[in-house]
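**Student:** Structure in structure tokens, see below.
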Amino acid sequence: MSFLSRLLGTAPDPREGVRPLWHRVVELARDPVYYTEAQVADSVAGRFDMITAVLSAVMVRLEASDLRAESALLAELFVEDMDGQLREFGVNDVVVGKRIGKLMSVLGGRLGAYRGAFNDGDLERLTAAIARNVTFADGADEAAAARMVAERIMKLFNRLGRFSDAEMLSASAIW
């Protein structure tokens, strides 16, 4: 899509095709089990960590099906959502761009840390990556909590492999 088409609104936004999947990513990341049983901090940082973990699982699944363009569009929706969240928190326009750049860097780093573990089915490597990248509640047994989160995210990734590409994009059957 050309820049002018997007700017002038003459063509449909291609991100609309993956928006249902983005909403499902956020829903999955907000599963109360993560914040109660798995002891992820129920805070902005903890929720961001879970969104990036779930988003990484979904993006790796999309990449496995040659849906790289859709994976990139999903990342754009992540940026759009984070931009809106930062503005809601009162971050001014001058700082938003820098913070978004940093958030994209964080997503890229986590995606890199999780990708190999997902593709190899390596729960130990995923657990170690989760332990480094997820904010847990004060007093949490972080090793046990990281293991629980990693097990749930790996199960999610394995379930995603059973869905067709169309089901992935519509997100209607993803649980």
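To be explicit about the labels: the chains of the structure tokens are called A, B, and onward in the order shown, and within each one the residues are counted from 1, while ligands get numbers from 1 in the order they are shown.
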Near region 72-80 of chain A, counting only C-alpha atoms, which residues have an atom at most 10 Å away, once you skip same-chain residues fewer than 6 positions from it, shown as a list in words?
**Tutor:**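 Counting only the stated atoms, we get Pro14, Arg15, Glu16, Gly17, Val18, Arg19, Pro20, Leu21, Trp22, His23, Val25, Val26, Ile51, Thr52, Leu55, Ser56, Val58, Met59, Leu62, Glu63, Ile100, Gly101, Leu103, Met104, Leu107 and Gly108 of chain A.
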**Student:** Quick one: residues within 8 Å of Thr135 (chain A), only C-alpha atoms, excluding same-chain residues fewer than 5 positions away - as a ChimeraX atom specification?
**Tutor:** /A:40-41,45-46,49
**Student:** May I have the residues within 8 Å of region 122-126 of chain A as a compact mmCIF listing (two decimals) with C-alpha atoms, in the first residue's frame, using only C-alpha atoms and disregarding those fewer than 5 positions away in the same chain?
**Tutor:**
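So the final result, stored in part_23.txt, reads:
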```
# COMPACT_ATOMS: atom_id res chain seq x y z
CA ALA A 113 14.86 -15.00 22.95
CA TYR A 114 11.59 -16.95 22.66
CA GLY A 116 14.40 -20.63 19.24
CA ALA A 117 12.76 -22.14 22.31
CA ALA A 150 6.73 -21.04 30.23
CA GLU A 151 4.61 -24.21 30.35
CA MET A 154 4.59 -23.40 25.24
```
**Student:** Which distance in Å separates CA of Thr127 (chain A) and CA of Ala145 (chain A), to one decimal?
**Tutor:**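 Taking CA of Thr127 (chain A) and CA of Ala145 (chain A), their separation equals 9.2 Å.
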**Student:** Run DSSP on the backbone and tell me which residues of region 6-169 of chain A come out as helix (DSSP H, G or I); list them as an MDAnalysis selection string.
**Tutor:** chainID A and resid 6:8 14:17 19:29 32:35 44:64 68:88 93:120 123:133 142:160 165:169
**Student:** Write a file of the just-selected residues containing C-alpha atoms, as a short mmCIF file (atom, residue, chain, number, x, y, z; two decimals), in the first residue's frame.
**Tutor:**
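Just written: selection-v5.cif:
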```
data_model
loop_
_atom_site.label_atom_id
_atom_site.label_comp_id
_atom_site.auth_asym_id
_atom_site.auth_seq_id
_atom_site.Cartn_x
_atom_site.Cartn_y
_atom_site.Cartn_z
CA ARG A 6 -2.75 5.27 3.57
CA LEU A 7 -2.47 8.99 4.24
CA LEU A 8 -5.53 9.90 2.20
CA PRO A 14 -4.26 -3.95 5.78
CA ARG A 15 -3.94 -4.17 9.55
CA GLU A 16 -7.69 -4.68 9.80
CA GLY A 17 -7.18 -8.26 8.61
CA ARG A 19 -6.91 -6.86 14.23
CA PRO A 20 -9.07 -9.73 15.57
CA LEU A 21 -5.86 -11.67 16.21
CA TRP A 22 -4.33 -8.69 18.03
CA HIS A 23 -7.39 -8.45 20.28
CA ARG A 24 -7.13 -12.17 20.99
CA VAL A 25 -3.43 -11.79 21.89
CA VAL A 26 -4.35 -9.16 24.47
CA GLU A 27 -7.17 -11.34 25.85
CA LEU A 28 -4.85 -14.33 26.19
CA ALA A 29 -2.21 -12.20 27.90
CA PRO A 32 -6.12 -14.13 35.31
CA VAL A 33 -4.18 -17.37 35.88
CA TYR A 34 -0.95 -15.58 34.93
CA TYR A 35 -1.50 -12.99 37.64
CA VAL A 44 1.82 -2.26 33.71
CA ALA A 45 5.20 -4.00 33.47
CA GLY A 46 3.79 -7.47 34.17
CA ARG A 47 0.97 -7.07 31.66
CA PHE A 48 3.38 -5.75 29.03
CA ASP A 49 5.61 -8.76 29.65
CA MET A 50 2.71 -11.15 29.13
CA ILE A 51 1.55 -9.37 25.98
CA THR A 52 5.05 -9.67 24.50
CA ALA A 53 5.26 -13.36 25.47
CA VAL A 54 1.89 -14.24 23.93
CA LEU A 55 2.54 -12.01 20.92
CA SER A 56 5.88 -13.74 20.38
CA ALA A 57 4.20 -17.16 20.36
CA VAL A 58 1.65 -15.94 17.82
CA MET A 59 4.24 -14.23 15.62
CA VAL A 60 6.48 -17.31 15.53
CA ARG A 61 3.45 -19.40 14.55
CA LEU A 62 2.59 -16.95 11.74
CA GLU A 63 6.18 -16.95 10.50
CA ALA A 64 6.10 -20.76 10.32
CA ARG A 68 5.45 -12.89 7.65
CA ALA A 69 3.53 -9.90 6.32
CA GLU A 70 0.71 -10.62 8.75
CA SER A 71 3.24 -11.02 11.55
CA ALA A 72 4.65 -7.57 10.71
CA LEU A 73 1.13 -6.10 10.66
CA LEU A 74 0.55 -7.59 14.10
CA ALA A 75 3.71 -5.85 15.31
CA GLU A 76 2.34 -2.59 13.88
CA LEU A 77 -0.85 -3.06 15.91
CA PHE A 78 1.30 -3.63 18.97
CA VAL A 79 3.02 -0.29 18.32
CA GLU A 80 -0.29 1.46 17.71
CA ASP A 81 -1.71 0.10 20.95
CA MET A 82 1.39 0.96 22.98
CA ASP A 83 1.41 4.46 21.49
CA GLY A 84 -2.18 4.94 22.64
CA GLN A 85 -1.39 3.56 26.09
CA LEU A 86 1.57 5.90 26.52
CA ARG A 87 -0.55 8.88 25.51
CA GLU A 88 -3.25 7.81 27.99
CA ASP A 93 4.53 13.75 22.03
CA VAL A 94 8.24 14.46 22.20
CA VAL A 95 8.91 11.39 24.35
CA VAL A 96 6.40 8.96 22.79
CA GLY A 97 8.56 8.26 19.73
CA LYS A 98 11.58 7.39 21.83
CA ARG A 99 9.55 5.15 24.11
CA ILE A 100 7.93 3.37 21.15
CA GLY A 101 11.37 2.75 19.69
CA LYS A 102 12.47 1.25 22.97
CA LEU A 103 9.32 -0.91 23.21
CA MET A 104 9.90 -2.22 19.68
CA SER A 105 13.47 -3.05 20.66
CA VAL A 106 12.18 -4.92 23.70
CA LEU A 107 9.68 -6.84 21.58
CA GLY A 108 12.40 -7.73 19.07
CA GLY A 109 14.73 -8.91 21.82
CA ARG A 110 12.07 -11.04 23.44
CA LEU A 111 10.94 -12.44 20.13
CA GLY A 112 14.54 -13.46 19.49
CA ALA A 113 14.86 -15.00 22.95
CA TYR A 114 11.59 -16.95 22.66
CA ARG A 115 11.71 -17.94 18.95
CA GLY A 116 14.40 -20.63 19.24
CA ALA A 117 12.76 -22.14 22.31
CA PHE A 118 9.39 -22.32 20.55
CA ASN A 119 10.79 -23.75 17.34
CA ASP A 120 12.87 -26.35 19.19
CA LEU A 123 10.86 -25.71 27.65
CA GLU A 124 14.05 -25.19 29.68
CA ARG A 125 15.29 -22.44 27.35
CA LEU A 126 11.84 -20.83 27.33
CA THR A 127 11.72 -20.96 31.14
CA ALA A 128 15.09 -19.23 31.35
CA ALA A 129 13.97 -16.55 28.87
CA ILE A 130 10.71 -16.02 30.78
CA ALA A 131 12.65 -15.72 34.05
CA ARG A 132 14.78 -12.95 32.51
CA ASN A 133 11.94 -11.09 30.84
CA GLU A 142 10.36 -16.70 40.55
CA ALA A 143 11.80 -20.04 39.40
CA ALA A 144 8.48 -21.83 39.89
CA ALA A 145 6.54 -18.89 38.47
CA ALA A 146 8.74 -18.71 35.36
CA ARG A 147 8.29 -22.44 34.84
CA MET A 148 4.50 -22.14 35.08
CA VAL A 149 4.39 -19.23 32.64
CA ALA A 150 6.73 -21.04 30.23
CA GLU A 151 4.61 -24.21 30.35
CA ARG A 152 1.44 -22.24 29.60
CA ILE A 153 3.05 -20.24 26.78
CA MET A 154 4.59 -23.40 25.24
CA LYS A 155 1.18 -25.13 25.39
CA LEU A 156 -0.33 -22.09 23.68
CA PHE A 157 2.34 -22.19 20.98
CA ASN A 158 1.71 -25.91 20.40
CA ARG A 159 -2.07 -25.32 20.18
CA LEU A 160 -1.52 -22.54 17.66
CA ASP A 165 -3.94 -19.95 8.74
CA ALA A 166 -7.50 -18.70 8.24
CA GLU A 167 -8.41 -19.64 11.82
CA MET A 168 -5.30 -17.87 13.07
CA LEU A 169 -6.13 -14.66 11.26
#
```
